[in-house]
Structures are given as C-alpha cells and as structure tokens.
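Q: A single structure is presented below for examination.
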There are 2 protein chains.
Amino acid sequence: MLIQRLTIIGVGLIGGSLARALKRVGACGEIIGCGRNESNLQHAIDLGVIDRYDTDPASAVKNADVVVIAVPLGSMPDMFTAIRDALSPQAIITDVGSAKTTVVASGRQHLGEHLPYFVPGHPVAGTEKSGVGASFAELFENRRVILTPLPETDLTAHALITTLWTQTGAEVVDMSVAHHDEVLAATSHLPHLLAYSLVDTLAKMQDRKEIFRFAAGGFRDFTRIASSDPRMWHDICLANREAILQVLEQFKTDLSQLTEAISQGDSDTVKNIFTRAKRARDQFSG
Amino acid sequence: MLIQRLTIIGVGLIGGSLARALKRVGACGEIIGCGRNESNLQHAIDLGVIDRYDTDPASAVKNADVVVIAVPLGSMPDMFTAIRDALSPQAIITDVGSAKTTVVASGRQHLGEHLPYFVPGHPVAGTEKSGVGASFAELFENRRVILTPLPETDLTAHALITTLWTQTGAEVVDMSVAHHDEVLAATSHLPHLLAYSLVDTLAKMQDRKEIFRFAAGGFRDFTRIASSDPRMWHDICLANREAILQVLEQFKTDLSQLTEAISQGDSDTVKNIFTRAKRARDQFSG
C-alpha cells in the first residue's frame with residue numbers, strides 16, 4: 001500500500017476524482033475528506049469517495065501520511081496556516097493549484113519546517129463541472145500532472161507524490177515554477193479568460209436570447225468553457241496575473257493585426273494567419 | 001418524391017451531408033454533384049453520396065429542379081454567373097453560405113430573372129473537418145437552418161427549400177439578411193476568429209512545442225476550432241466584415257476592461273464578469 005492515511009482538503013471535482021482513482025487501485029489505507037460544507041462531505045461518503053470526514057483542517061491532517069490540498073488558490077495561505085501545527089513531522093504535502101508561483105510563495109511563508117515535504121503539483125485535467133458529484137476515477141488517465149519541486153524538496157517526498165499521480169493513470173512531468181505558470185497562462189488561463197469575456201460581451205447584446213439560441217459549433221465550445229467555476233478562475237487570474245497579462249498583451253497585438261487586415265480587406269494577411277494557425281495546430285496537436 | 005433532379009455544386013462536408021440526408025429519406029430522384037476536383041467527385045460516387053457528376057457547372061445544372069450551391073463564399077459570384085444561362089426557367093436555387101449580405105447582393109447582380117427562385121440559406125451545422133469523406137447524413141439533425149428569403153422570393157420556392165431542410169431533421173427558421181449576419185458574427189464568426197488568433201499567438205511563442213503538448217481543456221477546444229478550413233473562414237471574415245468588426249470592437253472593449261481589472265487586482269470586477277458570463281451561459285444554454 002502506497003499511503004496509510006491520506007487527507008484530501010477540498011473534496012470537489014479534482015479532490016474527489018483523485019480519491020476515486022487511488023481507491024480503485026487500493027493505494028490508500030484510509031482517505032479522510034476535509035471541507036467547510038458538511039453535506040458535501042457526507043455526499044462524498046455516500047458516493048464511496050472518502051472513508052470519513054472532518055470539517056476542521058487541523059484535526060483532519062492529524063497523523064496523515066500525505067495531505068492533498070485541493071482548495072481554490074485564494075484559500076491556500078489560510079489552509080497552510082490552519083494545518084501547519086497539526087502536521088506530523090514528515091507528513092508529505094501537495095496541492096493541485098493551477099498556478100504555482102503564489103502557492104510556492106505562500107508555502108515558503110507559512111509551512112516552516114514542513115517546507116521540504118511540500119511538493120507543489122498541478123494535474124492538467126478537469127471539466128467545466130465542479131463538486132464531488134462530478135468526480136470520476138478516470139479523470140487523470142493519460143493526462144499530464146506537472147510537479148514543480150523546490151530546491152529544498154525532499155527526494156522521497158517528490159518520489160511519493162510522483163507515484164501517487166502515476167497510480168491515477170497520469171503522466172507526471174517536472175517543471176520549474178515560473179515555466180509552469182507561463183505555459184499554463186498560454187494554454188489554459190488565457191483561453192478561459194477569452195471565453196468568459198466573449199460570453200459576457202454577447203450576454204450584453206440586445207438580441208442575446210437569439211444569440212445563445214443560434215449558437216453554432218464555435219460558440220458552444222466557448223460557452224462550455226465559460227460555465228466553469230467563476231471563483232476558481234477568479235483566483236487563477238489573480239494568482240497568475242503576471243504571466244497571463246504578458247501572453248494577453250501579445251494576443252491583443254495579434255488580434256489587432258487580424259482586425260486591421262479584415263477591416264482593410266487584406267485577403268493575403270487574413271489567409272496567412274488562418275493557414276499558419278491551422279498548420280501549427282495540425283503539426284503540434286497531431 | 002420531393003425533387004426529381006437535384007444538383008449540388010460543391011460536394012464537401014455540407015454538400016455531401018445534405019446529399020446523404022436526402023438520399024436516406026428518398027427525397028430525390030437523382031443527385032448530381034459538381035466541383036472542380038474530379039477525384040473528389042468520384043470519391044463521392046464511391047461513397048454513394050451522389051449518383052453522377054459533372055465538372056462543368058452549366059451542364060451540371062441543366063434540367064435540375066433544385067440547385068444547391070455549397071462552395072466557399074468567395075466563389076459564389078462566379079458560380080452564379082456560370083450557371084445563370086443554363087438554369088431551367090423555374091429551377092429553384094439555394095446556397096449554404098455562412099454570411100448572407102454579400103451572397104444576396106451577388107444574387108441580385110447576377111441571377112437576373114432567376115432571382116425570385118433563389119432562396120438564400122445557411123445550415124448552422126458543421127465540424128472542423130472538411131471534404132466529402134467527413135460528410136454524414138445526421139449532420140443537420142436537430143440543428144437550425146436559417147433561410148433569409150427576399151421580398152421578391154417566390155413562395156413555392158421558399159416552401160420547397162424549407163421542406164428540403166426539414167427532411168434532413170433540421171429546424172428551419174426565417175430571418176432577415178442583416179439580422180442573420182449580426183447573429184452569426186457574434187455566435188460563430190467571432191469565436192472562430194479568436195481561436196485562429198490565439199493559436200497563431202501561441203504558435204509564435206518560443207516554447208510552442210511544449211505549449212501545444214500541455215494543452216489543457218480550454219486550449220484543446222480552441223485548437224480544434226482553429227483546424228477548420230482557412231479558405232472558408234477567410235471568405236466568411238471578408239464577406240461578413242462589417243458585422244464582425246462591430247462585435248469585435250465590443251469584445252475588445254470588454255476584454256480591455258477585464259485585463260485592467262486583472263492588472264489592478266480588482267477582485268470584485270473579475271469575479272463579477274466571470275459570474276455574469278456563467279449565469280448567462282447557464283440561463284440561455286440550458
């Protein structure tokens with residue numbers, strides 16, 4: 001057995017799916033859920049996702065071998081503070097936050113002597129749904145999990161968290177904190193931000209009812225993305241602000257160029273941009 | 001039988017799927033395909049999509065009761081000119097163009113006495129794939145087809161094209177030309193344009209290989225959209241330029257507001273925009 005006692009703080013889509021995936025392969029002796037919403041935790045027990053729950057983070061992590069923090073990014077600092085003094089000396093801590101710079105800074109500030117046992121992580125997986133009811137054991141299969149270990153990270157802790165995610169069917173890769181945040185700003189955060197902004201633009205239009213009714217393929221994908229949890233994406237946008245603003249600036253420049261070309265009826269430029277994009281997509285996405 | 005002889009000019013995803021859907025319900029006596037690429041037309045025969053083909057538009061429409069023009073928007077004027085003198089006096093013509101203002105203007109200019117038998121149309125359906133090999137009979141099921149009849153459109157012609165699309169399982173609605181172009185600019189053209197622009201931005205980044213490799217949910221949807229046919233989308237962007245630029249301007253304003261809020265760490269504004277977008281999506285998209 002990989003882990004005797006695992007505590008998951010935040011039993012939502014990610015935390016719940018991780019619990020299911022680990023239970024499926026018998027990787028844990030006991031999984032303890034923690035959160036503020038007791039009925040959600042009871043629901044998680046009823047679904048067989050966790051074995052028991054505790055609404056108090058400090059007592060939930062007591063004697064845990066591994067603690068997974070799966071709360072919104074904005075709640076990380078408070079959570080570190082809440083559990084720090086209750087952790088076993090060699091308890092291994094990981095998180096699932098979609099931006100890593102702020103989480104790592106917060107860990108450095110609040111985790112004290114536990115810092116070497118903190119392995120920052122990010123499973124690049126999810127759906128637009130949230131809550132334990134939407135969780136499923138296969139969520140991480142063939143998806144990538146990025147770990148951003150620190151210079152002081154304990155090698156055994158790093159190895160164990162790598163194995164934990166491998167057991168869910170994911171491919172685990174290591175990356176620097178800064179590089180993770182740049183790549184994710186480009187591939188995940190900016191697309192979500194554009195989707196929210198577009199849906200908001202259209203929702204303000206006079207014929208919005210009709211607009212949503214006639215949504216074609218392109219727009220349906222956008223609206224699906226924009227139905228993701230606003231709180232979570234708010235936290236991500238603020239936590240990864242710098243990297244997001246940088247890629248957003250480049251996007252705005254490119255969009256202005258395309259707009260100008262359309263406005264001028266500059267056929268060649270429009271065709272070149274579209275062809276280049278399709279080629280990149282076909283080349284890299286296989 | 002609804003139509004004795006149907007000619008489809010442009011046997012790609014849309015033209016091919018329409019032929020399949022009509023064959024499935026036995027709505028046509030004979031379906032003639034027309035296009036420039038003879039091997040594609042032969043492929044369409046091999047797949048059982050069309051009964052025979054003719055690479056010359058004028059002879060392909062001879063004695064046809066209904067002619068469906070399913071070529072890129074930029075080729076419409078030439079196509080109208082090519083078939084005009086070969087059409088039977090009461091042959092009914094329709095098209096499947098994603099923008100209607102320019103097609104209608106072109107029809108007025110080139111169709112002469114045939115104009116009353118021209119019923120402009122747009123099936124709001126498609127995939128990112130193109131070509132007859134990607135066509136399937138179910139493409140239009142439960143999708144909407146918008147017709148934009150003109151003041152002079154013959155009522156019988158309008159009724160027949162309505163029935164034609166109803167037979168494919170689509171829901172047919174009428175709309176004014178201008179209104180169609182506004183609604184589609186917002187719901188389909190702008191999302192595609194943003195997708196192309198984003199993929200282009202990311203393809204120019206230094207770590208583009210990694211970026212495409214780590215594409216998460218949000219970005220995968222974007223790249224899928226951006227793999228659509230560049231020629232087709234180029235034509236749409238130029239044909240529906242005015243309506244697209246108008247909604248794009250509004251989008252840019254909203255995006256700047258969101259950017260500013262992120263940049264300032266204005267938590268309330270970010271949360272409000274995301275929440276409003278999600279609410280609109282959940283309310284209207286059901």
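Residue numbering restarts at 1 in every chain; chains get A, B, ... in the order shown in the structure tokens, and ligands count up from 1 in that same order.
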DSSP on the backbone, then: every residue of range 107-235 of chain A marked helix (DSSP H, G or I), written as a PyMOL selection string.

A: chain A and resi 107-110+112-117+132-134+155-166+177-203+208-213+217-225+230-235

Q: For chain A, report every residue with an atom at most 6 Å from chain B (counting only C-alpha atoms), formatted as a PyMOL selection string.

A: chain A and resi 124+183+187-188+191+196-197+199-201+211-212+215-216+218-219+223+226-227+230+234+251+255+271+274-275+277-278+281+284

Q: Could you save those same residues with C-alpha atoms as a PDB file, in the first residue's frame?

A:
```
ATOM      1  CA  VAL A 124      -3.731  19.367 -16.010  1.00  0.00           C
ATOM      2  CA  VAL A 183       2.876  27.540 -20.167  1.00  0.00           C
ATOM      3  CA  THR A 187      -2.680  27.122 -22.858  1.00  0.00           C
ATOM      4  CA  SER A 188      -5.350  27.254 -20.216  1.00  0.00           C
ATOM      5  CA  PRO A 191      -8.428  30.631 -23.325  1.00  0.00           C
ATOM      6  CA  TYR A 196     -15.603  34.397 -20.201  1.00  0.00           C
ATOM      7  CA  SER A 197     -15.069  37.747 -21.886  1.00  0.00           C
ATOM      8  CA  VAL A 199     -19.783  35.185 -23.382  1.00  0.00           C
ATOM      9  CA  ASP A 200     -20.044  38.350 -21.314  1.00  0.00           C
ATOM     10  CA  THR A 201     -19.929  40.522 -24.452  1.00  0.00           C
ATOM     11  CA  ILE A 211     -27.691  34.717 -29.952  1.00  0.00           C
ATOM     12  CA  PHE A 212     -27.497  31.937 -27.417  1.00  0.00           C
ATOM     13  CA  ALA A 215     -25.033  29.181 -31.004  1.00  0.00           C
ATOM     14  CA  ALA A 216     -23.114  27.234 -33.597  1.00  0.00           C
ATOM     15  CA  GLY A 218     -17.619  27.608 -32.245  1.00  0.00           C
ATOM     16  CA  PHE A 219     -19.681  29.360 -29.664  1.00  0.00           C
ATOM     17  CA  THR A 223     -19.892  28.793 -23.542  1.00  0.00           C
ATOM     18  CA  ALA A 226     -17.317  29.809 -19.547  1.00  0.00           C
ATOM     19  CA  SER A 227     -19.559  27.686 -17.365  1.00  0.00           C
ATOM     20  CA  PRO A 230     -16.075  31.635 -11.548  1.00  0.00           C
ATOM     21  CA  HIS A 234     -11.010  34.441 -10.494  1.00  0.00           C
ATOM     22  CA  PHE A 251      -2.650  38.153 -28.094  1.00  0.00           C
ATOM     23  CA  LEU A 255      -5.798  40.282 -32.725  1.00  0.00           C
ATOM     24  CA  LYS A 271      -5.437  33.847 -45.176  1.00  0.00           C
ATOM     25  CA  PHE A 274      -5.566  31.313 -40.555  1.00  0.00           C
ATOM     26  CA  THR A 275      -3.324  28.964 -42.518  1.00  0.00           C
ATOM     27  CA  ALA A 277      -2.715  28.686 -37.145  1.00  0.00           C
ATOM     28  CA  LYS A 278      -4.188  25.584 -38.744  1.00  0.00           C
ATOM     29  CA  ARG A 281      -2.439  23.057 -34.747  1.00  0.00           C
ATOM     30  CA  PHE A 284       1.696  20.058 -32.841  1.00  0.00           C
TER      31      PHE A 284
END
```

Q: Need to verify the contact set: Arg20 in chain A, 10 Å, only C-alpha atoms, exclusion of same-chain residues closer than 5 positions in sequence. Can you return it as a PyMOL selection string?

A: chain A and resi 14-15+25-26+31+47-50+135-139+168

Q: Please compute the CA of Gly29 in chain B-CA of Arg52 in chain B distance, one decimal, in Å.

A: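 Straight-line distance from CA of Gly29 in chain B to CA of Arg52 in chain B works out to 11.9 Å.
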
Q: Could you give me, as a list in words, the residues within 12 Å of Pro89 in chain B, counting only C-alpha atoms and dropping anything in the same chain fewer than 4 positions from it?

A: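 Non-adjacent residues within range: Val61, Lys62, Asn63, Ala64, Asp65, Val66, Ile83, Arg84, Asp85, Ile93, Leu111, Gly112, Glu113, His114, Leu115, Pro116, Tyr117 and Phe118 of chain B.
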
Q: Which residues are near Asp174 in chain A? Cut-off 8 Å, only C-alpha atoms, ignore same chain within fewer than 4 positions. Put them as a PDB file with N, CA and C atoms, in the first residue's frame.

A:
```
ATOM      1  N   ILE A 146       1.796  18.084 -13.625  1.00  0.00           N
ATOM      2  CA  ILE A 146       3.060  18.810 -13.535  1.00  0.00           C
ATOM      3  C   ILE A 146       3.428  19.000 -12.065  1.00  0.00           C
ATOM      4  N   LEU A 147       4.623  18.585 -11.702  1.00  0.00           N
ATOM      5  CA  LEU A 147       5.129  18.869 -10.358  1.00  0.00           C
ATOM      6  C   LEU A 147       6.210  19.940 -10.484  1.00  0.00           C
ATOM      7  N   THR A 148       6.214  20.860  -9.532  1.00  0.00           N
ATOM      8  CA  THR A 148       7.231  21.924  -9.557  1.00  0.00           C
ATOM      9  C   THR A 148       8.006  21.892  -8.246  1.00  0.00           C
ATOM     10  N   PRO A 149       8.838  20.861  -8.051  1.00  0.00           N
ATOM     11  CA  PRO A 149       9.577  20.718  -6.797  1.00  0.00           C
ATOM     12  C   PRO A 149      10.530  21.900  -6.586  1.00  0.00           C
TER      13      PRO A 149
END
```

Q: Tell me, in Å to one decimal, how far CA of Leu87 in chain B is from CA of Gly133 in chain B.

A: 28.7 Å

Q: DSSP says strand (DSSP E or B) for which residues of range 38-139 of chain A? Put them as an NGL selection string?

A: :A and (52-54 or 66-69 or 92-95 or 118-119 or 121-124)

Q: Which distance in Å separates CA of Leu2 in chain A and CA of Pro72 in chain A, to one decimal?

A: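 CA of Leu2 in chain A sits 26.4 Å away from CA of Pro72 in chain A.
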
Q: Using only C-alpha atoms, which of B:Asn37, B:Gly12, B:Ala82, B:Gly121 sits nearest Leu164 in chain B?

A: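 Using only C-alpha atoms, Leu164 in chain B sits closest to B:Gly121.
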
Q: I'd like the contact shell of Ile32 in chain B - 8 Å cut-off, only C-alpha atoms, skipping same-chain residues fewer than 3 positions apart - returned as a PyMOL selection string.

A: chain B and resi 5-8+50-54+60

Q: Leaving out Val177 in chain B and any residue of its chain fewer than 4 positions from it, which residues lie within 7 Å of it when counting only C-alpha atoms, given as a PyMOL selection string?

A: chain B and resi 100-101+148+181

Q: Pull N, CA and C atoms from the residues just selected and write them as a PDB file, in the first residue's frame.

A:
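Output (part-v5.pdb):
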```
ATOM      1  N   LYS B 100     -24.768  36.208 -45.360  1.00  0.00           N
ATOM      2  CA  LYS B 100     -25.800  36.319 -46.385  1.00  0.00           C
ATOM      3  C   LYS B 100     -25.819  37.641 -47.153  1.00  0.00           C
ATOM      4  N   THR B 101     -25.340  38.720 -46.585  1.00  0.00           N
ATOM      5  CA  THR B 101     -25.422  40.015 -47.256  1.00  0.00           C
ATOM      6  C   THR B 101     -24.734  39.986 -48.626  1.00  0.00           C
ATOM      7  N   THR B 148     -33.052  33.189 -45.466  1.00  0.00           N
ATOM      8  CA  THR B 148     -33.235  34.652 -45.498  1.00  0.00           C
ATOM      9  C   THR B 148     -33.893  35.040 -46.814  1.00  0.00           C
ATOM     10  N   ASP B 181     -26.695  38.019 -40.354  1.00  0.00           N
ATOM     11  CA  ASP B 181     -25.252  38.306 -40.352  1.00  0.00           C
ATOM     12  C   ASP B 181     -24.764  38.828 -39.006  1.00  0.00           C
TER      13      ASP B 181
END
```
